[in-house]
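Shown below: my_file19.cif, with mmCIF, C-alpha atoms (C1' of nucleotides).
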data_coords
#
loop_
_atom_site.label_atom_id
_atom_site.label_comp_id
_atom_site.auth_asym_id
_atom_site.auth_seq_id
_atom_site.Cartn_x
_atom_site.Cartn_y
_atom_site.Cartn_z
CA MET C 162 -72.61 44.18 42.32
CA LYS C 163 -70.80 46.76 40.24
CA GLU C 164 -67.50 45.84 41.83
CA VAL C 165 -67.71 42.64 39.80
CA GLU C 166 -67.23 44.72 36.67
CA VAL C 167 -64.10 46.34 37.96
CA PHE C 168 -62.70 42.97 38.93
CA ASP C 169 -63.54 41.59 35.48
CA LEU C 170 -61.73 44.51 33.92
CA PHE C 171 -58.72 43.66 36.06
CA GLU C 172 -58.81 39.94 35.50
CA LYS C 173 -59.89 39.79 31.88
CA ILE C 174 -58.10 42.80 30.49
CA GLU C 175 -55.39 44.39 32.60
CA ILE C 176 -53.73 41.19 33.83
CA PRO C 177 -53.65 39.44 30.41
CA LEU C 178 -52.42 42.70 28.90
CA THR C 179 -49.33 42.74 31.12
CA LYS C 180 -47.85 39.82 29.20
CA VAL C 181 -48.68 41.36 25.85
CA LEU C 182 -46.96 44.59 26.83
CA ALA C 183 -43.96 42.72 28.20
CA LYS C 184 -43.50 40.96 24.88
CA MET C 185 -43.80 44.19 22.93
CA GLU C 186 -41.24 45.87 25.17
CA LEU C 187 -38.83 42.97 24.88
CA GLU C 188 -39.23 42.77 21.13
CA GLY C 189 -38.44 46.46 20.55
CA ILE C 190 -38.35 48.13 17.15
CA ALA C 191 -35.52 48.71 14.69
CA LEU C 192 -34.20 52.24 14.18
CA ASP C 193 -32.23 53.56 11.21
CA VAL C 194 -29.49 55.18 13.28
CA GLU C 195 -27.33 56.13 10.31
CA MET C 196 -30.18 57.99 8.69
CA LEU C 197 -30.86 59.93 11.88
CA GLN C 198 -27.19 60.82 12.25
CA ASN C 199 -27.15 62.27 8.75
CA TYR C 200 -30.35 64.12 9.47
CA SER C 201 -28.83 65.45 12.68
CA THR C 202 -25.90 66.93 10.76
CA GLN C 203 -28.30 68.63 8.38
CA LEU C 204 -30.58 70.00 11.10
CA THR C 205 -27.67 71.15 13.24
CA SER C 206 -26.31 73.32 10.44
CA GLU C 207 -29.81 74.68 9.75
CA LEU C 208 -30.10 75.49 13.43
CA GLN C 209 -26.78 77.36 13.40
CA LEU C 210 -27.93 79.52 10.48
CA LEU C 211 -31.22 80.25 12.23
CA GLU C 212 -29.43 81.19 15.43
CA ASN C 213 -27.18 83.65 13.60
CA LYS C 214 -30.11 85.19 11.79
CA ILE C 215 -32.12 85.61 14.98
CA HIS C 216 -29.26 87.25 16.83
CA GLN C 217 -28.73 89.54 13.86
CA LEU C 218 -32.41 90.50 13.74
CA ALA C 219 -32.41 91.12 17.50
CA ASP C 220 -29.11 92.97 17.21
CA GLU C 221 -28.03 91.06 20.30
CA GLU C 222 -26.87 87.58 21.35
CA PHE C 223 -29.17 85.80 23.73
CA ASN C 224 -30.24 82.26 24.58
CA ILE C 225 -33.07 81.55 22.14
CA SER C 226 -34.02 78.52 24.21
CA SER C 227 -34.74 80.67 27.25
CA PRO C 228 -38.36 81.82 27.19
CA LYS C 229 -37.44 84.49 29.74
CA GLN C 230 -34.71 86.04 27.62
CA MET C 231 -36.83 85.64 24.50
CA GLY C 232 -39.72 87.50 26.13
CA GLU C 233 -37.50 90.39 27.11
CA ILE C 234 -36.15 90.72 23.56
CA LEU C 235 -39.58 90.54 21.92
CA PHE C 236 -41.60 92.66 24.29
CA GLU C 237 -39.14 95.07 25.92
CA LYS C 238 -36.48 95.62 23.28
CA LEU C 239 -38.51 95.18 20.09
CA GLU C 240 -41.87 96.08 21.68
CA LEU C 241 -43.78 93.79 19.33
CA SER C 242 -46.96 93.99 21.35
CA LYS C 243 -48.77 96.79 23.17
CA LYS C 244 -49.99 94.48 25.89
CA PRO C 245 -47.94 91.28 25.86
CA LYS C 246 -49.63 88.11 27.00
CA LYS C 247 -48.27 86.79 30.30
CA THR C 248 -48.02 83.27 31.68
CA LYS C 249 -49.32 82.15 35.07
CA SER C 250 -46.13 83.20 36.81
CA GLY C 251 -46.11 86.65 35.21
CA GLN C 252 -43.48 85.96 32.56
CA TYR C 253 -44.05 87.03 28.97
CA SER C 254 -45.66 84.23 26.99
CA THR C 255 -43.62 83.20 23.98
CA SER C 256 -45.62 80.10 23.11
CA GLU C 257 -46.19 79.19 19.50
CA GLU C 258 -49.77 80.37 19.81
CA THR C 259 -48.63 83.80 21.02
CA LEU C 260 -45.89 84.11 18.42
CA LEU C 261 -48.22 83.20 15.55
CA LYS C 262 -50.30 86.26 16.36
CA LEU C 263 -47.19 88.43 16.08
CA LYS C 264 -46.09 86.90 12.79
CA ASP C 265 -46.63 90.08 10.79
CA THR C 266 -44.99 92.48 13.24
CA HIS C 267 -41.38 91.41 12.72
CA PRO C 268 -39.40 88.97 10.53
CA ILE C 269 -37.74 87.54 13.65
CA ILE C 270 -40.92 85.68 14.58
CA ASP C 271 -40.78 83.28 11.65
CA GLU C 272 -37.16 82.50 12.32
CA ILE C 273 -37.86 81.84 16.00
CA LEU C 274 -40.69 79.48 15.16
CA THR C 275 -38.49 77.56 12.77
CA PHE C 276 -35.66 77.51 15.30
CA ARG C 277 -37.98 76.12 17.95
CA GLY C 278 -39.25 73.40 15.65
CA VAL C 279 -35.81 72.29 14.55
CA LYS C 280 -34.41 72.43 18.09
CA LYS C 281 -37.28 70.32 19.44
CA LEU C 282 -36.79 67.75 16.72
CA LEU C 283 -33.08 67.50 17.33
CA SER C 284 -33.03 67.37 21.11
CA THR C 285 -36.09 65.22 21.71
CA TYR C 286 -35.88 62.83 18.78
CA VAL C 287 -33.11 62.96 16.20
CA ASP C 288 -30.23 63.06 18.68
CA ALA C 289 -31.99 61.34 21.58
CA LEU C 290 -33.41 58.21 19.92
CA PRO C 291 -30.10 56.70 18.74
CA GLU C 292 -28.84 56.96 22.33
CA LEU C 293 -31.66 54.68 23.43
CA VAL C 294 -30.88 51.85 21.04
CA ASN C 295 -30.09 48.80 23.16
CA THR C 296 -26.49 47.72 22.61
CA GLU C 297 -27.36 44.03 22.61
CA THR C 298 -30.55 43.96 20.59
CA LYS C 299 -29.77 47.04 18.50
CA ARG C 300 -33.41 48.02 18.92
CA ILE C 301 -35.49 50.62 20.73
CA HIS C 302 -37.30 49.20 23.76
CA THR C 303 -39.91 51.52 25.24
CA THR C 304 -41.64 50.94 28.56
CA PHE C 305 -45.43 51.03 28.55
CA ASN C 306 -47.00 52.35 31.74
CA GLN C 307 -50.23 50.56 32.48
CA SER C 308 -51.27 52.55 35.54
CA VAL C 309 -50.39 56.17 34.94
CA ALA C 310 -53.11 57.69 32.78
CA SER C 311 -56.30 58.34 34.73
CA THR C 312 -58.52 57.40 31.80
CA GLY C 313 -57.06 53.92 31.34
CA ARG C 314 -54.86 54.76 28.41
CA LEU C 315 -51.32 53.44 28.27
CA SER C 316 -48.41 55.80 28.39
CA SER C 317 -44.91 55.23 27.08
CA VAL C 318 -41.53 56.27 28.44
CA ASN C 319 -37.85 56.02 27.68
CA PRO C 320 -38.46 56.76 24.94
CA ASN C 321 -42.03 57.96 24.64
CA ILE C 322 -42.95 56.14 21.48
CA GLN C 323 -46.45 57.63 21.46
CA ASN C 324 -45.38 61.16 20.51
CA ILE C 325 -43.10 60.55 17.55
CA PRO C 326 -43.58 63.47 15.10
CA ILE C 327 -45.81 63.17 12.05
CA ARG C 328 -47.53 66.51 11.51
CA THR C 329 -44.72 68.46 9.86
CA LYS C 330 -42.49 67.73 6.90
CA ARG C 331 -39.35 67.79 9.03
CA GLY C 332 -41.04 65.65 11.68
CA MET C 333 -42.02 62.98 9.18
CA LYS C 334 -38.35 62.23 8.59
CA VAL C 335 -38.17 60.97 12.18
CA ARG C 336 -40.97 58.48 11.53
CA GLU C 337 -39.08 57.24 8.52
CA ALA C 338 -36.32 56.13 10.87
CA PHE C 339 -38.55 53.44 12.41
CA ILE C 340 -38.03 50.45 10.14
CA PRO C 341 -38.76 46.70 9.84
CA LYS C 342 -36.56 44.09 11.55
CA ASP C 343 -34.88 43.01 8.30
CA LYS C 344 -35.54 42.47 4.61
CA ASN C 345 -38.02 39.69 5.35
CA TYR C 346 -40.31 42.07 7.20
CA THR C 347 -42.51 45.08 6.48
CA LEU C 348 -43.93 47.54 9.00
CA MET C 349 -47.69 47.32 9.23
CA ALA C 350 -49.91 49.82 11.06
CA ALA C 351 -53.59 49.34 11.87
CA ASP C 352 -55.57 52.21 13.30
CA TYR C 353 -59.14 52.73 14.42
CA SER C 354 -60.97 55.39 12.44
CA GLN C 355 -62.72 58.00 14.62
CA ILE C 356 -63.02 55.59 17.52
CA GLU C 357 -63.86 58.19 20.15
CA LEU C 358 -66.66 59.76 18.11
CA ARG C 359 -68.03 56.31 17.37
CA ILE C 360 -68.08 55.64 21.10
CA MET C 361 -69.91 58.92 21.66
CA ALA C 362 -72.44 57.94 18.99
CA SER C 363 -72.90 54.54 20.59
CA LEU C 364 -73.19 55.72 24.20
CA SER C 365 -75.47 58.65 23.40
CA LYS C 366 -77.50 56.73 20.79
CA ASP C 367 -77.98 60.02 18.99
CA GLU C 368 -79.85 59.27 15.77
CA GLY C 369 -77.95 61.78 13.65
CA MET C 370 -74.59 60.50 14.74
CA LEU C 371 -75.59 56.82 14.47
CA THR C 372 -76.93 57.39 10.97
CA ALA C 373 -73.75 59.14 9.87
CA PHE C 374 -71.53 56.31 11.06
CA ASN C 375 -73.84 53.54 9.92
CA ASN C 376 -73.89 55.06 6.42
CA GLY C 377 -70.13 55.45 6.32
CA VAL C 378 -70.17 59.16 5.55
CA ASP C 379 -67.46 61.62 6.46
CA ILE C 380 -68.38 62.54 10.02
CA HIS C 381 -66.94 66.05 10.01
CA SER C 382 -68.72 66.96 6.77
CA ALA C 383 -71.94 65.46 8.09
CA THR C 384 -71.57 67.48 11.28
CA ALA C 385 -70.86 70.64 9.28
CA ALA C 386 -73.95 70.12 7.13
CA LYS C 387 -76.13 69.85 10.23
CA VAL C 388 -74.56 72.60 12.30
CA PHE C 389 -74.42 75.11 9.45
CA LYS C 390 -77.71 73.90 8.00
CA VAL C 391 -76.53 73.34 4.45
CA ASP C 392 -76.50 70.38 2.08
CA VAL C 393 -73.50 68.07 2.51
CA LYS C 394 -72.35 68.92 -1.01
CA ASP C 395 -72.21 72.61 -0.06
CA VAL C 396 -69.90 72.08 2.92
CA ASP C 397 -66.71 74.02 2.23
CA ARG C 398 -63.29 73.49 3.75
CA ASN C 399 -63.74 76.07 6.43
CA MET C 400 -67.08 74.65 7.53
CA ARG C 401 -65.65 71.15 7.70
CA SER C 402 -62.64 72.35 9.63
CA GLN C 403 -64.83 74.13 12.17
CA ALA C 404 -67.07 71.09 12.49
CA LYS C 405 -64.00 68.96 13.11
CA SER C 406 -63.08 71.25 15.99
CA VAL C 407 -66.61 70.98 17.34
CA ASN C 408 -66.37 67.20 17.24
CA PHE C 409 -63.09 67.31 19.12
CA GLY C 410 -64.70 69.67 21.58
CA ILE C 411 -67.58 67.27 22.11
CA ILE C 412 -65.15 64.58 23.20
CA TYR C 413 -63.32 66.96 25.50
CA GLY C 414 -66.43 68.32 27.22
CA ILE C 415 -66.97 71.39 25.10
CA SER C 416 -66.92 74.99 26.27
CA ALA C 417 -67.67 78.11 24.23
CA PHE C 418 -64.34 79.56 25.31
CA GLY C 419 -62.34 76.50 24.31
CA LEU C 420 -63.99 76.30 20.91
CA SER C 421 -63.58 80.02 20.29
CA GLN C 422 -59.87 79.77 21.09
CA ASN C 423 -59.47 76.77 18.85
CA ILE C 424 -61.15 78.12 15.74
CA GLY C 425 -60.51 81.82 16.28
CA VAL C 426 -64.03 83.16 16.51
CA SER C 427 -65.72 85.16 19.26
CA ARG C 428 -67.18 83.41 22.25
CA THR C 429 -70.62 84.46 21.11
CA GLU C 430 -70.12 82.85 17.71
CA ALA C 431 -68.70 79.73 19.33
CA LYS C 432 -71.73 79.51 21.60
CA GLU C 433 -73.96 79.84 18.56
CA ILE C 434 -72.22 76.92 16.89
CA ILE C 435 -72.47 74.79 20.02
CA ASP C 436 -76.16 75.61 20.44
CA ASN C 437 -76.75 74.57 16.83
CA TYR C 438 -74.80 71.38 17.45
CA PHE C 439 -76.89 70.38 20.44
CA GLU C 440 -80.08 71.23 18.56
CA GLN C 441 -79.01 68.89 15.76
CA PHE C 442 -77.59 66.18 18.04
CA PRO C 443 -79.90 66.38 21.07
CA LYS C 444 -79.01 62.98 22.51
CA VAL C 445 -75.36 63.93 22.66
CA LYS C 446 -76.35 66.80 24.93
CA GLU C 447 -78.55 64.46 26.99
CA TYR C 448 -75.72 61.98 27.35
CA MET C 449 -73.26 64.65 28.43
CA ASP C 450 -75.69 65.93 31.07
CA TRP C 451 -76.31 62.37 32.22
CA SER C 452 -72.58 61.72 32.60
CA ILE C 453 -72.21 64.78 34.81
CA GLU C 454 -75.26 63.72 36.81
CA GLN C 455 -73.78 60.23 37.33
CA ALA C 456 -70.55 61.78 38.50
CA ARG C 457 -72.35 64.01 40.99
CA GLU C 458 -74.24 61.07 42.46
CA LYS C 459 -71.47 58.49 42.58
CA GLU C 460 -68.32 60.61 42.47
CA TYR C 461 -67.07 58.49 39.59
CA VAL C 462 -67.83 57.80 35.93
CA GLU C 463 -67.19 54.57 34.07
CA THR C 464 -66.24 53.18 30.67
CA ILE C 465 -68.01 50.48 28.66
CA MET C 466 -65.93 47.87 30.49
CA GLY C 467 -66.62 49.37 33.92
CA ARG C 468 -63.33 51.17 34.36
CA ARG C 469 -63.82 54.02 36.82
CA ARG C 470 -62.45 57.49 37.03
CA TYR C 471 -63.11 59.05 40.42
CA LEU C 472 -63.99 62.73 40.32
CA LYS C 473 -63.78 64.10 43.83
CA ASP C 474 -64.04 67.67 42.54
CA ILE C 475 -67.37 67.13 40.82
CA ASN C 476 -69.24 68.93 43.64
CA ALA C 477 -66.52 71.51 44.35
CA ARG C 478 -67.60 75.02 45.35
CA ASN C 479 -64.93 76.54 43.13
CA GLY C 480 -66.62 76.85 39.74
CA MET C 481 -63.45 76.41 37.73
CA ILE C 482 -62.42 73.26 39.56
CA ARG C 483 -65.94 71.91 39.22
CA ALA C 484 -66.08 72.70 35.50
CA MET C 485 -62.84 70.80 35.02
CA ALA C 486 -64.32 67.76 36.77
CA GLU C 487 -67.42 68.05 34.59
CA ARG C 488 -65.31 67.96 31.44
CA ASN C 489 -63.52 64.93 32.88
CA ALA C 490 -66.93 63.31 33.48
CA ILE C 491 -67.64 63.63 29.77
CA ASN C 492 -64.18 62.83 28.43
CA ALA C 493 -63.08 59.95 30.66
CA PRO C 494 -65.76 57.43 29.58
CA ILE C 495 -65.03 58.22 25.93
CA GLN C 496 -61.24 58.19 26.03
CA GLY C 497 -61.29 55.32 28.53
CA SER C 498 -63.66 53.16 26.50
CA ALA C 499 -61.38 53.59 23.49
CA ALA C 500 -58.54 52.37 25.71
CA ASP C 501 -60.64 49.37 26.82
CA ILE C 502 -61.36 48.46 23.21
CA ILE C 503 -57.81 48.56 21.91
CA LYS C 504 -56.59 46.64 24.96
CA ILE C 505 -59.10 43.85 24.26
CA ALA C 506 -57.99 43.84 20.63
CA MET C 507 -54.33 43.60 21.64
CA ILE C 508 -54.96 40.60 23.87
CA ASN C 509 -56.95 38.83 21.18
CA VAL C 510 -54.48 39.63 18.39
CA GLN C 511 -51.52 38.41 20.46
CA GLN C 512 -53.35 35.26 21.50
CA GLU C 513 -54.17 34.41 17.89
CA MET C 514 -50.68 35.18 16.60
CA GLU C 515 -49.17 32.90 19.22
CA GLN C 516 -51.59 30.10 18.59
CA ARG C 517 -50.73 30.20 14.91
CA GLU C 518 -47.00 30.43 15.74
CA MET C 519 -46.61 33.41 13.46
CA LYS C 520 -43.31 35.14 12.84
CA SER C 521 -44.82 38.59 12.84
CA LYS C 522 -44.70 40.60 16.07
CA MET C 523 -46.82 43.31 17.66
CA LEU C 524 -44.47 46.20 18.45
CA LEU C 525 -46.22 49.40 19.46
CA GLN C 526 -49.53 50.84 20.61
CA VAL C 527 -50.29 54.50 20.05
CA HIS C 528 -53.77 54.92 21.60
CA ASP C 529 -55.80 54.04 18.50
CA GLU C 530 -53.08 52.36 16.46
CA LEU C 531 -51.10 49.12 16.57
CA VAL C 532 -47.78 48.68 14.77
CA PHE C 533 -46.33 45.32 13.69
CA ASP C 534 -43.20 43.80 12.25
CA MET C 535 -45.01 41.83 9.56
CA HIS C 536 -43.19 38.83 8.09
CA ASN C 537 -43.59 39.06 4.33
CA SER C 538 -44.84 35.46 4.11
CA GLU C 539 -47.69 36.37 6.47
CA SER C 540 -48.78 39.62 4.89
CA SER C 541 -52.39 38.92 4.02
CA GLU C 542 -52.91 36.55 6.94
CA LEU C 543 -51.74 39.10 9.49
CA LYS C 544 -53.68 42.00 8.04
CA THR C 545 -56.87 39.95 7.99
CA LEU C 546 -56.34 38.70 11.53
CA VAL C 547 -55.52 42.10 13.00
CA LYS C 548 -58.39 43.84 11.28
CA GLU C 549 -60.83 41.17 12.42
CA LYS C 550 -59.72 41.23 16.05
CA MET C 551 -59.73 45.01 16.20
CA VAL C 552 -63.13 45.37 14.55
CA GLN C 553 -64.65 42.64 16.70
CA ALA C 554 -63.12 43.66 20.02
CA VAL C 555 -66.51 44.86 21.22
CA SER C 556 -69.93 45.36 19.69
CA LEU C 557 -71.21 48.94 19.54
CA GLN C 558 -74.22 50.62 17.97
CA VAL C 559 -71.96 51.60 15.07
CA PRO C 560 -69.30 49.67 13.16
CA LEU C 561 -65.67 49.94 14.20
CA ILE C 562 -63.54 50.76 11.17
CA VAL C 563 -59.85 49.87 10.98
CA ASP C 564 -57.48 51.27 8.37
CA ILE C 565 -54.37 49.30 7.51
CA GLY C 566 -51.16 50.44 5.91
CA GLU C 567 -47.74 48.98 5.28
CA GLY C 568 -44.34 50.09 4.11
CA LEU C 569 -40.60 50.13 4.56
CA ASN C 570 -40.90 52.52 7.49
CA TRP C 571 -43.47 53.78 9.99
CA LEU C 572 -44.30 56.83 7.88
CA GLU C 573 -45.13 54.72 4.83
CA ALA C 574 -47.20 52.35 6.95
CA HIS C 575 -49.52 55.15 7.88
"C1'" DG N 217 -38.09 70.97 41.85
"C1'" DT N 218 -41.09 73.86 38.87
"C1'" DA N 219 -42.41 76.40 34.83
"C1'" DA N 220 -42.62 76.82 30.01
"C1'" DT N 221 -42.83 74.77 25.75
"C1'" DC N 222 -44.17 71.36 22.40
"C1'" DA N 223 -44.33 66.40 20.45
"C1'" DC N 224 -48.35 62.79 19.92
"C1'" DG N 225 -53.53 60.65 20.09
"C1'" DA I 185 -65.88 87.78 37.80
"C1'" DC I 186 -62.91 84.13 36.64
"C1'" DG I 187 -60.37 81.38 33.31
"C1'" DT I 188 -61.01 76.37 30.70
"C1'" DA I 189 -60.94 72.77 25.73
"C1'" DC I 190 -59.18 65.80 27.08
"C1'" DG I 191 -54.95 62.59 27.99
"C1'" DT I 192 -49.75 61.99 28.17
"C1'" DG I 193 -43.71 62.62 28.37
"C1'" DA I 194 -39.13 65.01 27.26
"C1'" DT I 195 -36.24 68.95 27.14
"C1'" DT I 196 -34.50 73.28 28.72
"C1'" DA I 197 -33.85 77.10 31.75
"C1'" DC I 198 -33.67 78.80 36.21
"C1'" DA I 199 -34.58 79.69 41.12
#
Let's see the structure in the file written out as structure tokens.
Amino acid sequence: MKEVEVFDLFEKIEIPLTKVLAKMELEGIALDVEMLQNYSTQLTSELQLLENKIHQLADEEFNISSPKQMGEILFEKLELSKKPKKTKSGQYSTSEETLLKLKDTHPIIDEILTFRGVKKLLSTYVDALPELVNTETKRIHTTFNQSVASTGRLSSVNPNIQNIPIRTKRGMKVREAFIPKDKNYTLMAADYSQIELRIMASLSKDEGMLTAFNNGVDIHSATAAKVFKVDVKDVDRNMRSQAKSVNFGIIYGISAFGLSQNIGVSRTEAKEIIDNYFEQFPKVKEYMDWSIEQAREKEYVETIMGRRRYLKDINARNGMIRAMAERNAINAPIQGSAADIIKIAMINVQQEMEQREMKSKMLLQVHDELVFDMHNSESSELKTLVKEKMVQAVSLQVPLIVDIGEGLNWLEAH
DNA sequence: GTAATCACG
DNA sequence: ACGTACGTGATTACA
């Protein structure tokens, strides 16, 4: 019986999606190569200055890009930590997380962090992207993998268009390099607001969560008010920020350790927060337990469209392996259902655009976002159509909200 | 080839 | 007692 659902998923979603993806890949997206080349010159000289400064501060020349050499400088020569954190293989950890904790011990740390950021930007994006512009089309053509991610998400390679920087000032400049086809077009981006938490609300049917979404309130503030037992108007920035982490944790299959690491409190305090959360959102807890129970019985969990993730480790004797599978049992239906929803939307949007013979084109998918080359004559028509198809892709216990933006580059469209 | 790091949702 | 937040891909160093 249930196999019918998996076949429907295949026939009604994955197969029709192949053509949509093929068209997006063939269409490609325009890149402002000249801008990136200028930016490269600027970043390269910044990088040179940083390199000199770091070598000067270390009083030694070494390869800053070698974590091994970096560890030896920081922890053997400069002795910045009494008991340096090690990686799995016994090397000194020099990850951003580790370095941030050493920020105040030596001025070299800040320079290293900046160096790392600039180097990453240059090698992965600023210098790499222009190389991938197709000589015939003059556009960037990614490849979307439809059968890589175990949750049902797409992935993107060559280049990975789903991890273009946005969080830092320097990174934003890279987004600015993704531009419309020509002067008759504008880039338009449409993204689902809090889709995974809405799915959690809908699947768990937790009253508190449903009420929050059905009343259109800020979910992280609403969560903070409940968890910290204060009035919404008394939620401060720190409380909201912690609640946001809790909400992320809920989607990931929360653990006291993970939360404590994320927000920098003790495990005891983290456990306290989680206990309060489950007290305030009891059906979320019930749903999470139910998901794990389903996994134990069937050795798989499923999304709203019946997509399965098999979890052979769910009954493992090794507690750590088992705990991992339990988090997967909670996360996969959430992340996977979000993937189902945007895939349905993509098929319906593409179908409608073709039927209307529109000039606009769907270009990219970034998990909860779709990006379009929008022909200026179709501006309001396209935005209305896309919003409608995305919002109506499926019917949940809460509304799906889609935010739309547009501009002369991908950054502005956000 | 693998480990470490870091970019995104 | 142990060691963990979920899902990806690209780059670099190094055995």
key: Proximal residues of chain N relative to chain C (all atoms listed in the file; 6 Å) as a list in words   = DA223, DC224 and DG225 of chain N
request  = Write out as a PyMOL selection string which residues come within 10 Å of range 189-193 of chain I when counting all atoms listed in the file, dropping same-chain ones fewer than 2 positions away.
outcome  = (chain C and resi 309-324+409-423+485+488-489+491-493+495-497) or (chain N and resi 223-225) or (chain I and resi 195)
Generate a file of the selected residues that holds C-alpha atoms (C1' of nucleotides), formatted as an mmCIF file, in the coordinates of the input.
data_model
loop_
_atom_site.group_PDB
_atom_site.id
_atom_site.type_symbol
_atom_site.label_atom_id
_atom_site.label_comp_id
_atom_site.auth_asym_id
_atom_site.auth_seq_id
_atom_site.Cartn_x
_atom_site.Cartn_y
_atom_site.Cartn_z
ATOM 1 C CA VAL C 309 -50.390 56.170 34.940
ATOM 2 C CA ALA C 310 -53.110 57.690 32.780
ATOM 3 C CA SER C 311 -56.300 58.340 34.730
ATOM 4 C CA THR C 312 -58.520 57.400 31.800
ATOM 5 C CA GLY C 313 -57.060 53.920 31.340
ATOM 6 C CA ARG C 314 -54.860 54.760 28.410
ATOM 7 C CA LEU C 315 -51.320 53.440 28.270
ATOM 8 C CA SER C 316 -48.410 55.800 28.390
ATOM 9 C CA SER C 317 -44.910 55.230 27.080
ATOM 10 C CA VAL C 318 -41.530 56.270 28.440
ATOM 11 C CA ASN C 319 -37.850 56.020 27.680
ATOM 12 C CA PRO C 320 -38.460 56.760 24.940
ATOM 13 C CA ASN C 321 -42.030 57.960 24.640
ATOM 14 C CA ILE C 322 -42.950 56.140 21.480
ATOM 15 C CA GLN C 323 -46.450 57.630 21.460
ATOM 16 C CA ASN C 324 -45.380 61.160 20.510
ATOM 17 C CA PHE C 409 -63.090 67.310 19.120
ATOM 18 C CA GLY C 410 -64.700 69.670 21.580
ATOM 19 C CA ILE C 411 -67.580 67.270 22.110
ATOM 20 C CA ILE C 412 -65.150 64.580 23.200
ATOM 21 C CA TYR C 413 -63.320 66.960 25.500
ATOM 22 C CA GLY C 414 -66.430 68.320 27.220
ATOM 23 C CA ILE C 415 -66.970 71.390 25.100
ATOM 24 C CA SER C 416 -66.920 74.990 26.270
ATOM 25 C CA ALA C 417 -67.670 78.110 24.230
ATOM 26 C CA PHE C 418 -64.340 79.560 25.310
ATOM 27 C CA GLY C 419 -62.340 76.500 24.310
ATOM 28 C CA LEU C 420 -63.990 76.300 20.910
ATOM 29 C CA SER C 421 -63.580 80.020 20.290
ATOM 30 C CA GLN C 422 -59.870 79.770 21.090
ATOM 31 C CA ASN C 423 -59.470 76.770 18.850
ATOM 32 C CA MET C 485 -62.840 70.800 35.020
ATOM 33 C CA ARG C 488 -65.310 67.960 31.440
ATOM 34 C CA ASN C 489 -63.520 64.930 32.880
ATOM 35 C CA ILE C 491 -67.640 63.630 29.770
ATOM 36 C CA ASN C 492 -64.180 62.830 28.430
ATOM 37 C CA ALA C 493 -63.080 59.950 30.660
ATOM 38 C CA ILE C 495 -65.030 58.220 25.930
ATOM 39 C CA GLN C 496 -61.240 58.190 26.030
ATOM 40 C CA GLY C 497 -61.290 55.320 28.530
ATOM 41 C "C1'" DA N 223 -44.330 66.400 20.450
ATOM 42 C "C1'" DC N 224 -48.350 62.790 19.920
ATOM 43 C "C1'" DG N 225 -53.530 60.650 20.090
ATOM 44 C "C1'" DT I 195 -36.240 68.950 27.140
#
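Interatomic distance, CA of Lys299 in chain C against CA of Lys344 in chain C: 15.7 Å.
Picture a line from CA of Val294 in chain C to CA of Glu175 in chain C; it runs 28.1 Å.
Distances to chain I were evaluated for C:Ala289, C:Val547, C:Leu178, C:Leu239 using only C-alpha atoms (C1' of nucleotides), and the minimum falls at C:Ala289.
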ask   = Between C:Ile424, C:Ile502, C:Met349, C:Val445, which one has atoms that come closest to chain I, using only C-alpha atoms (C1' of nucleotides)?
value = C:Ile424
Range 342-351 of chain C: axis-aligned bounding box, 8 Å on each side, centre and edge lengths in Å, one decimal, as AutoDock Vina command-line options:
--center_x -44.2 --center_y 44.8 --center_z 8.2 --size_x 34.7 --size_y 26.1 --size_z 23.3
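A search radius of 10 Å centred on (-65.9, 53.1, 22.2), applied to only C-alpha atoms (C1' of nucleotides), returns the residues C:Gln355, C:Ile356, C:Glu357, C:Leu358, C:Arg359, C:Ile360, C:Met361, C:Ala362, C:Ser363, C:Leu364, C:Thr464, C:Ile465, C:Met466, C:Pro494, C:Ile495, C:Gln496, C:Gly497, C:Ser498, C:Ala499, C:Ala500, C:Asp501, C:Ile502, C:Ile503, C:Val555, C:Ser556, C:Leu557, C:Gln558, C:Val559, C:Leu561.
Counting from CA of Arg331 in chain C, the distance to CA of Lys246 in chain C is 29.0 Å.
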query = Can you list, as an MDAnalysis selection string, every protein, DNA or RNA residue that comes within 12 Å of Glu221 in chain C when you count only C-alpha atoms (C1' of nucleotides), leaving out same-chain residues fewer than 3 positions away?
reply = chainID C and resid 212:218 224:225 230:231 233:235 238:239
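Residue membership of the PyMOL selection byres ((chain N and resi 218) around 12) in the shown file amounts to C:Ser250, N:DG217, N:DA219, N:DA220, I:DA197, I:DC198, I:DA199.
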Residues returned when the PyMOL selection byres ((chain C and resi 166) around 10) runs on this file, as a PDB file with C-alpha atoms, keeping the file's coordinate frame:
ATOM      1  CA  MET C 162     -72.610  44.180  42.320  1.00  0.00           C
ATOM      2  CA  LYS C 163     -70.800  46.760  40.240  1.00  0.00           C
ATOM      3  CA  GLU C 164     -67.500  45.840  41.830  1.00  0.00           C
ATOM      4  CA  VAL C 165     -67.710  42.640  39.800  1.00  0.00           C
ATOM      5  CA  VAL C 167     -64.100  46.340  37.960  1.00  0.00           C
ATOM      6  CA  PHE C 168     -62.700  42.970  38.930  1.00  0.00           C
ATOM      7  CA  ASP C 169     -63.540  41.590  35.480  1.00  0.00           C
ATOM      8  CA  LEU C 170     -61.730  44.510  33.920  1.00  0.00           C
ATOM      9  CA  PHE C 171     -58.720  43.660  36.060  1.00  0.00           C
ATOM     10  CA  GLU C 172     -58.810  39.940  35.500  1.00  0.00           C
ATOM     11  CA  ILE C 465     -68.010  50.480  28.660  1.00  0.00           C
ATOM     12  CA  MET C 466     -65.930  47.870  30.490  1.00  0.00           C
ATOM     13  CA  GLY C 467     -66.620  49.370  33.920  1.00  0.00           C
ATOM     14  CA  ARG C 468     -63.330  51.170  34.360  1.00  0.00           C
ATOM     15  CA  ARG C 469     -63.820  54.020  36.820  1.00  0.00           C
TER      16      ARG C 469
END
